[in-house]
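Chemist: To be precise about what I am sending: the file is called data12.csv and holds CSV, C-alpha atoms.
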```
chain,number,residue,atom,x,y,z
A,908,MET,CA,48.2,39.8,-17.8
A,909,LEU,CA,51.1,40.0,-15.4
A,910,LEU,CA,48.9,39.0,-12.5
A,911,SER,CA,47.6,36.0,-14.4
A,912,SER,CA,51.2,34.9,-15.3
A,913,THR,CA,52.2,35.3,-11.7
A,914,LYS,CA,49.4,33.1,-10.5
A,915,HIS,CA,50.5,30.3,-12.9
A,916,LEU,CA,54.1,30.6,-11.8
A,917,ILE,CA,53.3,30.5,-8.1
A,918,PHE,CA,51.1,27.4,-8.5
A,919,LEU,CA,53.7,25.6,-10.6
A,920,ILE,CA,56.5,26.4,-8.2
A,921,SER,CA,54.3,25.2,-5.3
A,922,ILE,CA,53.8,21.8,-7.0
A,923,LEU,CA,57.5,21.4,-7.7
A,924,VAL,CA,58.4,22.2,-4.1
A,925,PHE,CA,55.6,20.0,-2.8
A,926,SER,CA,56.7,17.0,-4.8
A,927,SER,CA,60.4,17.5,-4.9
A,928,SER,CA,61.2,15.7,-1.6
A,929,LEU,CA,60.2,12.1,-1.8
A,930,HIS,CA,60.4,10.6,1.7
A,931,ALA,CA,61.5,7.1,1.1
A,932,GLY,CA,63.6,4.6,3.1
A,933,SER,CA,62.4,1.9,5.6
A,934,GLY,CA,59.8,4.2,7.1
A,935,PHE,CA,57.1,3.3,4.5
A,936,PRO,CA,55.2,1.1,4.9
A,937,THR,CA,55.7,0.2,8.6
A,938,TRP,CA,56.6,-3.5,8.7
A,939,ASP,CA,56.6,-4.0,12.5
A,940,TYR,CA,53.0,-4.9,12.8
A,941,ALA,CA,50.5,-6.2,10.2
A,942,ASN,CA,47.8,-3.7,11.2
A,943,LEU,CA,50.2,-0.7,10.8
A,944,PHE,CA,51.4,-2.1,7.4
A,945,LYS,CA,47.8,-2.4,6.2
A,946,GLN,CA,46.9,1.1,7.5
A,947,ASP,CA,49.8,2.7,5.7
A,948,LEU,CA,48.8,1.1,2.4
A,949,ARG,CA,45.2,2.0,3.0
A,950,ARG,CA,46.3,5.6,3.3
A,951,ALA,CA,48.3,5.3,0.1
A,952,THR,CA,45.1,4.5,-1.8
A,953,LEU,CA,44.1,8.1,-1.2
A,954,VAL,CA,46.5,9.3,-3.8
A,955,THR,CA,47.4,6.4,-6.1
A,956,ASN,CA,45.2,6.9,-9.2
A,957,LEU,CA,42.5,9.5,-8.7
A,958,PRO,CA,40.0,10.1,-11.5
A,959,ASN,CA,40.2,13.0,-14.0
A,960,LEU,CA,38.2,15.9,-12.8
A,961,THR,CA,36.4,17.1,-15.9
A,962,GLU,CA,36.0,16.6,-19.6
A,963,SER,CA,37.9,18.9,-21.9
A,964,ASP,CA,37.5,20.8,-25.1
A,965,HIS,CA,40.9,19.6,-26.1
A,966,PHE,CA,42.2,16.2,-27.4
A,967,ILE,CA,45.1,15.7,-25.0
A,968,GLY,CA,46.0,16.6,-21.4
A,969,VAL,CA,49.4,16.4,-19.7
A,970,GLN,CA,49.3,16.6,-16.0
A,971,LEU,CA,51.9,16.9,-13.2
A,972,SER,CA,50.8,16.4,-9.6
A,973,GLY,CA,52.3,16.2,-6.1
A,974,SER,CA,50.5,14.0,-3.5
A,975,GLN,CA,51.0,13.8,0.3
A,976,ILE,CA,50.0,11.4,3.1
A,977,PHE,CA,51.1,11.0,6.7
A,978,SER,CA,52.5,7.5,7.5
A,979,ASN,CA,52.8,5.5,10.7
A,980,SER,CA,56.6,6.1,10.7
A,981,GLY,CA,55.8,9.8,11.7
A,982,THR,CA,56.8,11.3,8.3
A,983,TYR,CA,55.0,12.8,5.4
A,984,GLN,CA,55.2,10.7,2.2
A,985,ARG,CA,55.2,12.8,-0.9
A,986,MET,CA,54.6,11.2,-4.3
A,987,PRO,CA,55.1,13.0,-7.6
A,988,ALA,CA,53.1,11.7,-10.6
A,989,ALA,CA,52.8,12.4,-14.4
A,990,ARG,CA,49.6,11.6,-16.3
A,991,LEU,CA,48.7,11.6,-20.0
A,992,SER,CA,45.0,12.0,-20.7
A,993,MET,CA,43.1,11.6,-24.0
A,994,TYR,CA,39.7,13.2,-24.7
A,995,PRO,CA,38.6,11.4,-27.9
A,996,ASN,CA,35.0,12.7,-27.7
A,997,PRO,CA,33.2,15.2,-25.5
A,998,GLY,CA,32.1,13.4,-22.4
A,999,TYR,CA,34.7,10.6,-22.6
A,1000,ASN,CA,38.2,10.6,-21.3
A,1001,LEU,CA,40.9,8.0,-20.4
A,1002,TRP,CA,44.3,8.3,-18.9
A,1003,VAL,CA,47.6,6.6,-18.1
A,1004,GLN,CA,49.6,7.6,-15.0
A,1005,PHE,CA,53.2,6.9,-13.8
A,1006,ALA,CA,54.2,7.8,-10.2
A,1007,ARG,CA,57.2,7.4,-8.0
A,1008,TRP,CA,56.6,5.5,-4.9
A,1009,PRO,CA,58.2,5.5,-1.4
A,1010,GLY,CA,59.8,2.3,-0.1
A,1011,SER,CA,63.1,0.6,0.7
A,1012,ASP,CA,64.1,2.1,-2.6
A,1013,PRO,CA,62.0,4.6,-4.5
A,1014,ASN,CA,59.9,2.4,-6.7
A,1015,PHE,CA,56.9,3.2,-8.9
A,1016,SER,CA,53.2,2.8,-9.7
A,1017,VAL,CA,51.4,2.6,-13.0
A,1018,GLY,CA,47.7,3.2,-13.4
A,1019,THR,CA,45.1,3.8,-16.0
A,1020,GLY,CA,41.4,4.7,-16.1
A,1021,LEU,CA,38.3,5.5,-18.1
A,1022,GLN,CA,35.5,8.0,-17.4
A,1023,VAL,CA,32.2,8.7,-19.0
A,1024,GLU,CA,30.2,11.9,-18.4
A,1025,PHE,CA,26.4,12.2,-18.5
A,1026,LYS,CA,25.0,15.4,-19.9
A,1027,GLY,CA,21.8,16.9,-18.4
A,1028,GLU,CA,19.6,19.9,-19.1
A,1029,ASP,CA,21.6,22.0,-16.6
A,1030,ILE,CA,25.0,22.5,-18.2
A,1031,GLN,CA,26.4,23.8,-15.0
A,1032,ARG,CA,25.9,20.5,-13.2
A,1033,ARG,CA,28.2,17.5,-14.1
A,1034,GLN,CA,27.8,13.8,-13.5
A,1035,ALA,CA,30.3,11.1,-14.4
A,1036,ILE,CA,31.2,7.5,-13.6
A,1037,GLY,CA,34.4,5.6,-14.3
A,1038,ILE,CA,36.7,2.7,-13.5
A,1039,SER,CA,40.4,2.7,-12.9
A,1040,TRP,CA,43.3,0.3,-12.3
A,1041,ASN,CA,46.6,0.8,-10.5
A,1042,SER,CA,49.6,-1.4,-9.7
A,1043,ILE,CA,52.4,-0.6,-7.3
A,1044,TYR,CA,55.7,-2.4,-7.5
A,1045,ASP,CA,57.9,-2.5,-4.4
A,1046,GLU,CA,60.7,-4.7,-3.2
A,1047,GLY,CA,58.6,-6.4,-0.6
A,1048,TYR,CA,55.1,-6.4,-2.0
A,1049,THR,CA,52.9,-5.8,-5.0
A,1050,GLN,CA,49.7,-3.8,-4.6
A,1051,ARG,CA,46.8,-3.8,-7.1
A,1052,ASP,CA,43.8,-1.6,-6.9
A,1053,ILE,CA,40.7,-1.6,-9.1
A,1054,SER,CA,38.4,1.3,-8.4
A,1055,ILE,CA,34.9,2.4,-9.4
A,1056,HIS,CA,33.9,6.0,-8.9
A,1057,GLY,CA,31.0,8.4,-9.3
A,1058,LEU,CA,31.5,12.2,-9.8
A,1059,TYR,CA,29.1,15.1,-9.1
A,1060,ALA,CA,30.2,18.7,-9.7
A,1061,TYR,CA,29.0,22.2,-10.3
A,1062,ASN,CA,30.6,24.6,-12.8
A,1063,ILE,CA,30.8,28.3,-12.2
A,1064,LYS,CA,32.5,29.9,-15.2
A,1065,ARG,CA,36.1,28.7,-14.9
A,1066,PHE,CA,35.7,27.1,-11.5
A,1067,ASN,CA,34.7,23.5,-10.9
A,1068,LEU,CA,33.6,22.4,-7.4
A,1069,GLY,CA,32.8,18.7,-6.9
A,1070,LEU,CA,32.8,15.5,-5.0
A,1071,ILE,CA,34.0,12.0,-6.0
A,1072,ALA,CA,32.8,8.9,-4.3
A,1073,MET,CA,35.1,5.9,-4.9
A,1074,ILE,CA,35.1,2.2,-4.0
A,1075,ASP,CA,38.6,0.6,-4.1
A,1076,LEU,CA,39.1,-3.1,-4.4
A,1077,HIS,CA,42.5,-3.4,-2.7
A,1078,HIS,CA,44.7,-6.5,-3.2
A,1079,LEU,CA,48.2,-7.1,-1.7
A,1080,VAL,CA,50.7,-9.8,-2.5
A,1081,VAL,CA,53.5,-9.8,0.1
A,1082,GLU,CA,56.9,-11.4,-0.5
A,1083,ASP,CA,57.5,-14.6,1.5
A,1084,GLY,CA,59.5,-14.0,4.7
A,1085,ASN,CA,58.1,-10.6,5.6
A,1086,GLY,CA,55.7,-12.0,8.1
A,1087,ILE,CA,52.5,-10.5,6.7
A,1088,PRO,CA,50.0,-12.6,4.7
A,1089,ASP,CA,48.5,-11.6,1.4
A,1090,TYR,CA,45.1,-9.9,1.8
A,1091,ASP,CA,42.1,-8.3,0.1
A,1092,GLU,CA,40.2,-5.3,1.3
A,1093,THR,CA,37.4,-2.9,0.2
A,1094,ILE,CA,38.2,0.7,0.8
A,1095,TYR,CA,35.7,3.6,0.6
A,1096,ILE,CA,37.1,7.1,-0.4
A,1097,ALA,CA,35.4,10.5,-0.6
A,1098,ILE,CA,37.3,13.1,-2.6
A,1099,PRO,CA,36.1,16.8,-2.5
A,1100,TYR,CA,38.0,19.0,-5.0
A,1101,ILE,CA,38.2,22.4,-6.6
A,1102,SER,CA,39.7,23.1,-10.1
A,1103,TRP,CA,40.3,26.3,-12.0
A,1104,LEU,CA,40.7,26.7,-15.7
A,1105,PHE,CA,43.2,29.6,-15.5
A,1106,THR,CA,43.6,29.8,-19.3
A,1107,GLU,CA,42.3,27.9,-22.3
A,1108,THR,CA,45.3,25.6,-22.0
A,1109,LEU,CA,46.0,25.3,-18.2
A,1110,ARG,CA,43.9,23.8,-15.5
A,1111,VAL,CA,45.0,23.6,-11.8
A,1112,SER,CA,43.3,21.6,-9.0
A,1113,ILE,CA,43.3,20.8,-5.3
A,1114,MET,CA,41.9,17.5,-4.1
A,1115,MET,CA,41.4,16.3,-0.5
A,1116,PRO,CA,40.8,12.6,-0.6
A,1117,TYR,CA,39.6,11.0,2.7
A,1118,ASN,CA,39.1,7.5,3.9
A,1119,SER,CA,39.0,5.7,7.4
A,1120,THR,CA,42.7,6.6,8.0
A,1121,GLY,CA,42.2,10.3,7.5
A,1122,PRO,CA,42.8,12.9,4.7
A,1123,GLY,CA,45.4,13.2,1.9
A,1124,LEU,CA,46.3,16.1,-0.3
A,1125,VAL,CA,46.9,16.3,-4.1
A,1126,LEU,CA,47.9,19.4,-6.1
A,1127,GLY,CA,47.9,19.2,-9.9
A,1128,SER,CA,48.4,21.2,-13.1
A,1129,GLU,CA,47.1,20.0,-16.5
A,1130,TRP,CA,48.2,21.4,-19.8
A,1131,LEU,CA,45.6,21.0,-22.5
A,1132,ILE,CA,46.6,20.4,-26.1
A,1133,GLY,CA,44.7,20.4,-29.4
A,1134,LYS,CA,41.6,22.4,-29.0
A,1135,ARG,CA,38.4,21.2,-30.8
A,1136,LYS,CA,36.9,23.5,-33.4
```
Could you spell out this file's structure in C-alpha cells?
Modeler:
Amino acid sequence: MLLSSTKHLIFLISILVFSSSLHAGSGFPTWDYANLFKQDLRRATLVTNLPNLTESDHFIGVQLSGSQIFSNSGTYQRMPAARLSMYPNPGYNLWVQFARWPGSDPNFSVGTGLQVEFKGEDIQRRQAIGISWNSIYDEGYTQRDISIHGLYAYNIKRFNLGLIAMIDLHHLVVEDGNGIPDYDETIYIAIPYISWLFTETLRVSIMMPYNSTGPGLVLGSEWLIGKRK
C-alpha cells in the first residue's frame, strides 16, 4: 500500500515540476522568418489537443497534464493543461480542455473532442476513431486546428499500450503588420503512448507525439469519478 501511494506521489510531483515553468516571452513563436514561425506552430500541434487514451468505467474524468516541445528560439516550451472528460456510455467519450500557451504574454488555448470506440471479439485489443477541435488565442495570431484520429491499442491488465494516427487541418490568422501571411496546412502526427490504471480512480500516461518537426512529450494524470455499477 505504501509503495503504491509513493508511486502516485512521485508521478504527481513530476507533472507539477514538469509543467510549473512556462517558458514564455518573445521566444515563441520565432517571428524573424516565416518558415521558422510556421515550424514552431507546427511543433505546437504535437501537444495542443490530443485524444483521450481509453474509455472508462466511470462517468467523469478530470485530467492534469504537462506538455513540452523544443522551439526555434532554443528553449523548451512547457504547457500545462486541464481537461474535463465525460463518458456517457461505454465506448463513447468527449472532452473539453483548457491550456496555458507561451507567447508575448502567456495566453491560452481551448479545445474539445469526441471519440467512439469499436468493440471486437478480442477484448484486449482496442480500436477507436474521433474528431477534435482546438483554438489558440495569442496577441499576434489566432490558430485553429481540426483533427481526425484513429487509435489502436492493446490492453494487458492495468497497462494500455497503443498508437494514435492523427491528421491535423491547421489554420493560422496572423494580425496585420507582422509580415507573415495567413496560411493553411495539413499536418500528420503519430502518437505512441503508454497508460497505467494505478487504482480504480487514477490513470497516468506518457505520450510521445511526433511529426515532421520531431517529437514532443506529454505527461498526464486523470482522476476518474462516478464508477458504473
Chemist: Skip range 1061-1069 of chain A itself and residues of its chain fewer than 5 positions away, then list as a PDB file with C-alpha atoms, keeping the file's coordinate frame all residues within 7 Å of it, counting all atoms listed in the file.
Modeler:
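Writing the result to part-v4.pdb gives the following:
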```
ATOM      1  CA  GLN A1031      26.400  23.800 -15.000  1.00  0.00           C
ATOM      2  CA  ARG A1032      25.900  20.500 -13.200  1.00  0.00           C
ATOM      3  CA  ARG A1033      28.200  17.500 -14.100  1.00  0.00           C
ATOM      4  CA  PRO A1099      36.100  16.800  -2.500  1.00  0.00           C
ATOM      5  CA  TYR A1100      38.000  19.000  -5.000  1.00  0.00           C
ATOM      6  CA  ILE A1101      38.200  22.400  -6.600  1.00  0.00           C
ATOM      7  CA  SER A1102      39.700  23.100 -10.100  1.00  0.00           C
ATOM      8  CA  TRP A1103      40.300  26.300 -12.000  1.00  0.00           C
ATOM      9  CA  LEU A1104      40.700  26.700 -15.700  1.00  0.00           C
TER      10      LEU A1104
END
```
Chemist: Kindly provide the residues of range 993-1015 of chain A that approach range 968-976 of chain A to within 9 Å, each paired with its closest atom pair and their distance in Å to one decimal, based on all atoms listed in the file, listed by chain and increasing number, as JSON lines.
Modeler:
```
{"residue": "A:Met993", "atom": "CA", "partner": "A:Gly968", "partner_atom": "CA", "distance": 6.3}
{"residue": "A:Tyr994", "atom": "CA", "partner": "A:Gly968", "partner_atom": "CA", "distance": 7.9}
{"residue": "A:Trp1002", "atom": "CA", "partner": "A:Gly968", "partner_atom": "CA", "distance": 8.8}
```
Chemist: Counting all atoms listed in the file, figure out which residue out of A:Asp1075, A:Glu1028, A:Asp1091, A:Glu1107 gets nearest to Ser1054 in chain A.
Modeler: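 Of the candidates, the smallest distance to Ser1054 in chain A is held by A:Asp1075.
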Chemist: State, in Å with one decimal place, the distance from CA of Asn959 in chain A to CA of Gly1037 in chain A.
Modeler: 9.4 Å
Chemist: As an exercise, work out the distance from CA of Gln1034 in chain A to CA of Tyr999 in chain A in Å and give it to one decimal place.
Modeler: 11.9 Å
Chemist: When distances are computed from all atoms listed in the file, which of A:Val1080, A:Leu960, A:Val1017, A:Ala941 shows the smallest separation from Glu1046 in chain A?
Modeler: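 Of A:Val1080, A:Leu960, A:Val1017, A:Ala941, the one nearest Glu1046 in chain A is A:Val1080, counting all atoms listed in the file.
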